[in-house]
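Chemist: The following block contains the structure, expressed as structure tokens.
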Amino acid sequence: MRPATRLAVCAIAVLVPAIAAADEAREAFAAVRDSYLGGLAAHYPVYGTTLGDHRFDDRLDDVSAAGRSAQRAWLAEHQQRLDAIDLADLPVAERTDAELLAHELSSGLWQIDELQAWAWDPLYYNALAGGALYSLMAREFAPLPERLAAATARLEALPQFFVAARAALRPERVPAIHAETALAQHRGVIGIVDALIEPSIGTLDADAAERLRRAIDTARGAATEHEAWLRDQLVPNAAGDFRLGRERYNTKLKYTLNADMTAPAVRRLAEQEYQRVRTEMYDVARDIYAGRYPQSLFPDAPTDAYKQAIIRAALEVAYADSPPRDGVVTAARESLQTTTDFVRAKNLVRIPDAPLEIILMPEFQRGISLAYCDSPGALDKGLATYYAVSPIPDDWTDAQTDGYLREYNYRSIHNLTVHEAMPGHYLQLAHANEYPSVLRAVLQSGTFIEGWAVYTEHVMVDAGYYDDDPLMRLIQLKWYLRAVINAILDQAVHVDGLDRESAMQLLIEGGFQEEREAAGKWIRAQLTSAQLSTYFVGYQQHAALRQEIESLDGDNFNLRAYHDAVLSYGSPPVRYVRNRLLAQRQASASTN
């Protein structure tokens, strides 16, 4: 046999087993993937509705001990099956999906076994009960009678749901802030019925309408009973600590971020960035101040108090340009058109055809934030994304309204629209929904998503949005400082025991936030953990990736092409996108 022939035979002998192993791994993973996707809505029906899997829209999650046991067994089974697969044998895209699934399964088991929010967080049950109804009514994914029939069944199931919730919750483990907030928000569940379900009874035939009326009456009674339990039993006896503590916080942050950053590393980077951003804000504010007062002289070595005063003086100029009390929604509509026109004119990124609608925020969700982005579930194709905007509540005092509009002045509304819609959440998630992997869409990374939205705030101002107005730059920096402080506050509260007074000082003096905005963030920091860090960490990852690729490409770097490429892989953790972009460049270099 000739040497060349012998080498070819040897190569085939090596290649054939490798191909067989790859085929076997792909087949095994496909089975696990399909089983997971097929069972997700069965075990978590409310989540299934939001995803667009409507097979179990007539069910509520089983929050009893037996239900948790079934969920845990299901997660553990899929983890065991996935562990048996050599992920190295999978193609890159499927290996990424498999690693994301492994992370999700591990996180789910940890939440059931260790975090145990089911035993100490009554807001978990409020969110499930409210989401079970709102997710059915918010979008027209099916004819109204079908959605009302599902809502009827869920309303009928609410009494048993609340009984199971009360059995699971341990007052001695429930933090007082969680109990008080759950009581305050509980009536919102029936508020959904009043606002979205009851007005539609007239569209049903007589039998269906009568069944829905009975279900509403039953649900009202169960909700009233549960409210009494929250008020008379849970709130007086809630004795838990809202702080997670170092070990649980570090673990939760690891699962939330799914990034190569430890909690101490996040804290160090955030504290460094806090100082840098405040310095940049002073530089911008000084120029604004000098423009208004040309005779001003600035010290070579200004004190912190001096910097603080100059930044506040410049911010006051932006605050003076605020919409009237009844003009917030109009301002948001106008900003959406302006941001869209700017993105298109600057050719910053491909604008998808997915429908986007501005809606009035449902009344039961108002009073917390000015706006949010509500994208359709990964499996609901062709439905609109909602950019929900809240008008000022009618019962707010002039003082409340003034503080709110200072925080959400015209430039802030523009920045918020960039973040929530264009080219932030709406645009990014519309791109992500084009990716063919359903699993990738289900296991989307909040760090990627929130980081992209913060990154786009920088992109727009860097590109000259709002006519290169330095006040727009200052407001954008203030918003970015908010993301930085979120990451600091997150750990300071749950690990270091930061108290309210110190937190408010950090937010108001350190972050230039209005008192009501800061007070709301203090409450949020007590009620949640880890998620507040996703904005900062995600932005840092996106910014670092952009810098790396721009450096590699040099004069050939194209911002539009870069953005389209980053958004073409769904919403995985940023490191996976980085690996794909670098691999593409290596492959291109080897063929040239």
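Here's how to read the names in the structure tokens: chain A, B, ... by the order shown, residue numbers from 1 in each chain, ligand numbers from 1 in the order shown.
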Need to verify the contact set: A:Ala219, 7 Å, only C-alpha atoms, exclusion of same-chain residues closer than 5 positions in sequence. Can you return it as a list in words?
Modeler: Leu155, Glu156, Leu158 and Pro159 of chain A
Chemist: Where does stretch 388-442 of chain A meet stretch 511-519 of chain A within 9 Å, residue by residue, with the nearest atom pair and distance in Å to one decimal for each, counting only C-alpha atoms, listed by chain and rising number, as CSV?
Modeler:
residue,atom,partner,partner_atom,distance
A:Gln400,CA,A:Arg516,CA,7.7
A:Gly403,CA,A:Glu514,CA,6.2
A:Tyr404,CA,A:Arg516,CA,7.4
A:Arg406,CA,A:Glu514,CA,7.6
A:Glu407,CA,A:Glu514,CA,6.2
Chemist: Do you have, as CSV, the list of residues of stretch 455-509 of chain A lying at most 9 Å from stretch 343-360 of chain A, each with its nearest atom pair and that distance in Å to one decimal, counting only C-alpha atoms and ordered by chain then number?
Modeler:
residue,atom,partner,partner_atom,distance
A:Val459,CA,A:Leu348,CA,8.6
A:Met460,CA,A:Val343,CA,8.0
A:Ala463,CA,A:Lys346,CA,7.7
Chemist: Store the residues of this selection in a file with N, CA and C atoms, as a PDB file, in the first residue's frame.
Modeler:
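For reference, out-v6.pdb as written:
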ATOM      1  N   VAL A 459     -24.148  53.959  22.807  1.00  0.00           N
ATOM      2  CA  VAL A 459     -24.015  54.007  21.353  1.00  0.00           C
ATOM      3  C   VAL A 459     -24.742  55.211  20.774  1.00  0.00           C
ATOM      4  N   MET A 460     -25.947  55.450  21.233  1.00  0.00           N
ATOM      5  CA  MET A 460     -26.750  56.536  20.674  1.00  0.00           C
ATOM      6  C   MET A 460     -26.121  57.895  20.955  1.00  0.00           C
ATOM      7  N   ALA A 463     -23.050  58.472  18.974  1.00  0.00           N
ATOM      8  CA  ALA A 463     -23.338  58.736  17.562  1.00  0.00           C
ATOM      9  C   ALA A 463     -23.931  60.123  17.336  1.00  0.00           C
TER      10      ALA A 463
END
Chemist: Might you pull out every residue within 6 Å of stretch 298-313 of chain A, with only C-alpha atoms counted and same-chain residues fewer than 3 positions away left off, and present them as a ChimeraX atom specification?
Modeler: /A:282,285,316
Chemist: Compare A:Pro236, A:Gly38, A:Gly520, A:Gly221 by their minimum atom-to-atom distance to A:Ala503, counting only C-alpha atoms, and give me the closest one.
Modeler: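 Comparing A:Pro236, A:Gly38, A:Gly520, A:Gly221 against A:Ala503, the winner is A:Gly520.
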Chemist: Could you check which of A:Ala84, A:Leu75, A:Leu474, A:Ala223 is closest to A:Gln111, using only C-alpha atoms?
Modeler: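 Once distances to A:Gln111 are computed over only C-alpha atoms, the minimum belongs to A:Leu75.
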Chemist: Could you list, as a compact mmCIF listing (two decimals) with N, CA and C atoms, in the first residue's frame, every residue within 7 Å of A:Ser533, counting only C-alpha atoms and ignoring same-chain residues fewer than 5 positions away?
Modeler:
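Result file is around.txt:
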# COMPACT_ATOMS: atom_id res chain seq x y z
N ASN A 486 -26.41 50.19 41.08
CA ASN A 486 -27.22 48.99 41.29
C ASN A 486 -26.35 47.81 41.70
N ALA A 487 -25.22 47.63 41.01
CA ALA A 487 -24.34 46.50 41.30
C ALA A 487 -23.69 46.65 42.67
N ASP A 490 -26.55 46.13 45.38
CA ASP A 490 -26.96 44.73 45.43
C ASP A 490 -26.15 43.95 46.47
Chemist: Enter the distance from atom CA of A:Tyr134 to atom CA of A:Leu230, in Å, rounded to one decimal.
Modeler: 22.1 Å
Chemist: Find the spatial neighbours of A:Ala22, counting only C-alpha atoms, within a cut-off of 9 Å - ignore same-chain residues fewer than 6 positions away - and output them as number ranges by chain.
Modeler: A: 88-91
Chemist: Write out as a list in words which residues come within 9 Å of A:Ile549 when counting only C-alpha atoms, dropping same-chain ones fewer than 4 positions away.
Modeler: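 The contact residues come out as Ala544, Leu545, Asp553, Gly554, Phe557, Tyr562, Arg578, Leu581 and Leu582 of chain A.
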Chemist: Which distance in Å separates atom CA of A:Leu416 and atom CA of A:Gln476, to one decimal?
Modeler: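 A separation of 9.4 Å between them.
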Chemist: Could you pull out the residues in stretch 207-436 of chain A that DSSP calls alpha helix (DSSP H) from the backbone, as an MDAnalysis selection string?
Modeler: chainID A and resid 207:229 235:237 246:257 263:292 304:319 328:346 398:407 410:420 425:432
Chemist: With C-alpha atoms retained, write the just-selected residues as a compact mmCIF listing (two decimals), in the first residue's frame.
Modeler:
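After the write, part-v3.txt holds the following:
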# COMPACT_ATOMS: atom_id res chain seq x y z
CA ASP A 207 -73.23 28.92 29.73
CA ALA A 208 -69.62 30.08 29.45
CA ALA A 209 -70.55 33.50 30.82
CA GLU A 210 -72.31 31.98 33.81
CA ARG A 211 -69.35 29.69 34.56
CA LEU A 212 -66.97 32.67 34.38
CA ARG A 213 -69.16 34.72 36.75
CA ARG A 214 -69.15 31.87 39.27
CA ALA A 215 -65.39 31.49 38.89
CA ILE A 216 -64.89 35.21 39.51
CA ASP A 217 -67.03 35.07 42.65
CA THR A 218 -65.10 32.03 43.87
CA ALA A 219 -61.76 33.70 43.15
CA ARG A 220 -62.84 36.90 44.91
CA GLY A 221 -63.74 34.94 48.02
CA ALA A 222 -60.45 33.04 47.96
CA ALA A 223 -58.48 36.22 47.40
CA THR A 224 -60.28 37.95 50.29
CA GLU A 225 -59.48 34.99 52.56
CA HIS A 226 -55.84 35.04 51.49
CA GLU A 227 -55.63 38.79 52.04
CA ALA A 228 -56.94 38.33 55.56
CA TRP A 229 -54.28 35.69 56.21
CA VAL A 235 -47.43 40.37 58.48
CA PRO A 236 -47.54 40.29 62.32
CA ASN A 237 -45.41 37.13 62.49
CA ARG A 246 -22.61 36.05 51.50
CA GLU A 247 -22.82 32.37 50.59
CA ARG A 248 -26.34 32.36 49.17
CA TYR A 249 -25.84 35.72 47.46
CA ASN A 250 -22.61 34.62 45.77
CA THR A 251 -24.24 31.44 44.52
CA LYS A 252 -27.34 33.23 43.28
CA LEU A 253 -25.21 35.84 41.52
CA LYS A 254 -23.23 33.08 39.84
CA TYR A 255 -26.40 31.52 38.47
CA THR A 256 -27.96 34.86 37.52
CA LEU A 257 -24.95 36.21 35.63
CA ALA A 263 -19.09 38.65 43.27
CA PRO A 264 -15.94 40.34 44.67
CA ALA A 265 -14.74 41.06 41.12
CA VAL A 266 -18.08 42.67 40.24
CA ARG A 267 -17.92 44.80 43.37
CA ARG A 268 -14.35 45.99 42.71
CA LEU A 269 -15.08 46.87 39.09
CA ALA A 270 -18.30 48.69 40.00
CA GLU A 271 -16.57 50.79 42.66
CA GLN A 272 -13.82 51.77 40.22
CA GLU A 273 -16.40 52.65 37.57
CA TYR A 274 -18.38 54.67 40.10
CA GLN A 275 -15.45 57.03 40.56
CA ARG A 276 -14.67 57.21 36.85
CA VAL A 277 -18.25 58.00 35.80
CA ARG A 278 -18.66 60.72 38.43
CA THR A 279 -15.44 62.30 37.17
CA GLU A 280 -16.74 62.21 33.61
CA MET A 281 -20.03 63.72 34.75
CA TYR A 282 -18.12 66.59 36.35
CA ASP A 283 -16.17 67.23 33.15
CA VAL A 284 -19.40 67.38 31.12
CA ALA A 285 -21.21 69.45 33.76
CA ARG A 286 -18.32 71.92 33.99
CA ASP A 287 -18.56 72.60 30.25
CA ILE A 288 -22.33 73.05 30.50
CA TYR A 289 -21.89 75.43 33.42
CA ALA A 290 -19.17 77.39 31.62
CA GLY A 291 -21.42 77.72 28.59
CA ARG A 292 -24.14 79.29 30.70
CA ASP A 304 -15.72 66.39 45.93
CA ALA A 305 -18.24 68.88 47.29
CA TYR A 306 -17.43 71.32 44.50
CA LYS A 307 -17.83 68.61 41.84
CA GLN A 308 -21.12 67.61 43.41
CA ALA A 309 -22.44 71.18 43.25
CA ILE A 310 -21.43 71.69 39.61
CA ILE A 311 -23.01 68.38 38.52
CA ARG A 312 -26.22 69.20 40.35
CA ALA A 313 -26.35 72.66 38.82
CA ALA A 314 -26.04 71.21 35.31
CA LEU A 315 -28.65 68.55 36.03
CA GLU A 316 -31.07 71.25 37.13
CA VAL A 317 -30.90 72.66 33.60
CA ALA A 318 -32.02 69.29 32.23
CA TYR A 319 -34.72 68.94 34.90
CA VAL A 328 -45.54 61.91 29.52
CA VAL A 329 -47.13 59.44 27.11
CA THR A 330 -46.95 61.93 24.24
CA ALA A 331 -43.26 62.51 24.97
CA ALA A 332 -42.61 58.77 24.90
CA ARG A 333 -44.40 58.38 21.57
CA GLU A 334 -42.38 61.20 20.06
CA SER A 335 -39.11 59.80 21.43
CA LEU A 336 -39.83 56.41 19.85
CA GLN A 337 -40.19 58.00 16.44
CA THR A 338 -37.07 60.11 16.95
CA THR A 339 -34.90 57.21 18.10
CA THR A 340 -36.10 55.01 15.25
CA ASP A 341 -35.35 57.69 12.68
CA PHE A 342 -31.89 58.24 14.16
CA VAL A 343 -30.97 54.53 14.19
CA ARG A 344 -32.05 54.24 10.58
CA ALA A 345 -30.26 57.43 9.47
CA LYS A 346 -27.00 56.44 11.17
CA ASP A 398 -47.88 67.99 43.12
CA ALA A 399 -44.75 67.18 45.12
CA GLN A 400 -44.77 63.54 43.97
CA THR A 401 -45.34 64.59 40.39
CA ASP A 402 -42.58 67.21 40.48
CA GLY A 403 -39.99 64.74 41.76
CA TYR A 404 -41.08 62.14 39.22
CA LEU A 405 -40.82 64.54 36.29
CA ARG A 406 -37.42 65.80 37.43
CA GLU A 407 -36.19 62.21 37.30
CA TYR A 410 -37.50 64.92 28.38
CA ARG A 411 -33.92 63.71 27.97
CA SER A 412 -34.47 60.88 30.45
CA ILE A 413 -37.55 59.80 28.50
CA HIS A 414 -35.42 59.67 25.35
CA ASN A 415 -32.79 57.60 27.16
CA LEU A 416 -35.49 55.32 28.56
CA THR A 417 -36.91 54.79 25.07
CA VAL A 418 -33.43 53.90 23.81
CA HIS A 419 -33.13 51.33 26.60
CA GLU A 420 -36.60 49.81 26.42
CA HIS A 425 -34.89 45.65 24.33
CA TYR A 426 -37.46 45.66 21.54
CA LEU A 427 -34.89 45.57 18.76
CA GLN A 428 -32.58 43.07 20.45
CA LEU A 429 -35.31 40.61 21.37
CA ALA A 430 -36.84 40.85 17.89
CA HIS A 431 -33.44 39.84 16.49
CA ALA A 432 -33.15 37.07 19.08
Chemist: Give me the residues within 9 Å of A:Leu136 as a ChimeraX atom specification, counting only C-alpha atoms and dropping any in the same chain fewer than 3 places off.
Modeler: /A:49-50,57,131-133,139-141,147-148,150-151
Chemist: Apply DSSP to the structure's backbone, then extract all residues of stretch 292-486 of chain A labelled strand (DSSP E) and return them as number ranges by chain.
Modeler: A: 356-360, 371-374, 385-389
Chemist: If I take atom CA of A:Leu60 and atom CA of A:Pro122, how far is one from the other in Å, to one decimal?
Modeler: 16.2 Å
Chemist: Closest to A:Gln160 among A:Arg59, A:Arg187, A:Arg500, A:His78, using only C-alpha atoms?
Modeler: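 Using only C-alpha atoms, the shortest distance to A:Gln160 belongs to A:Arg59.
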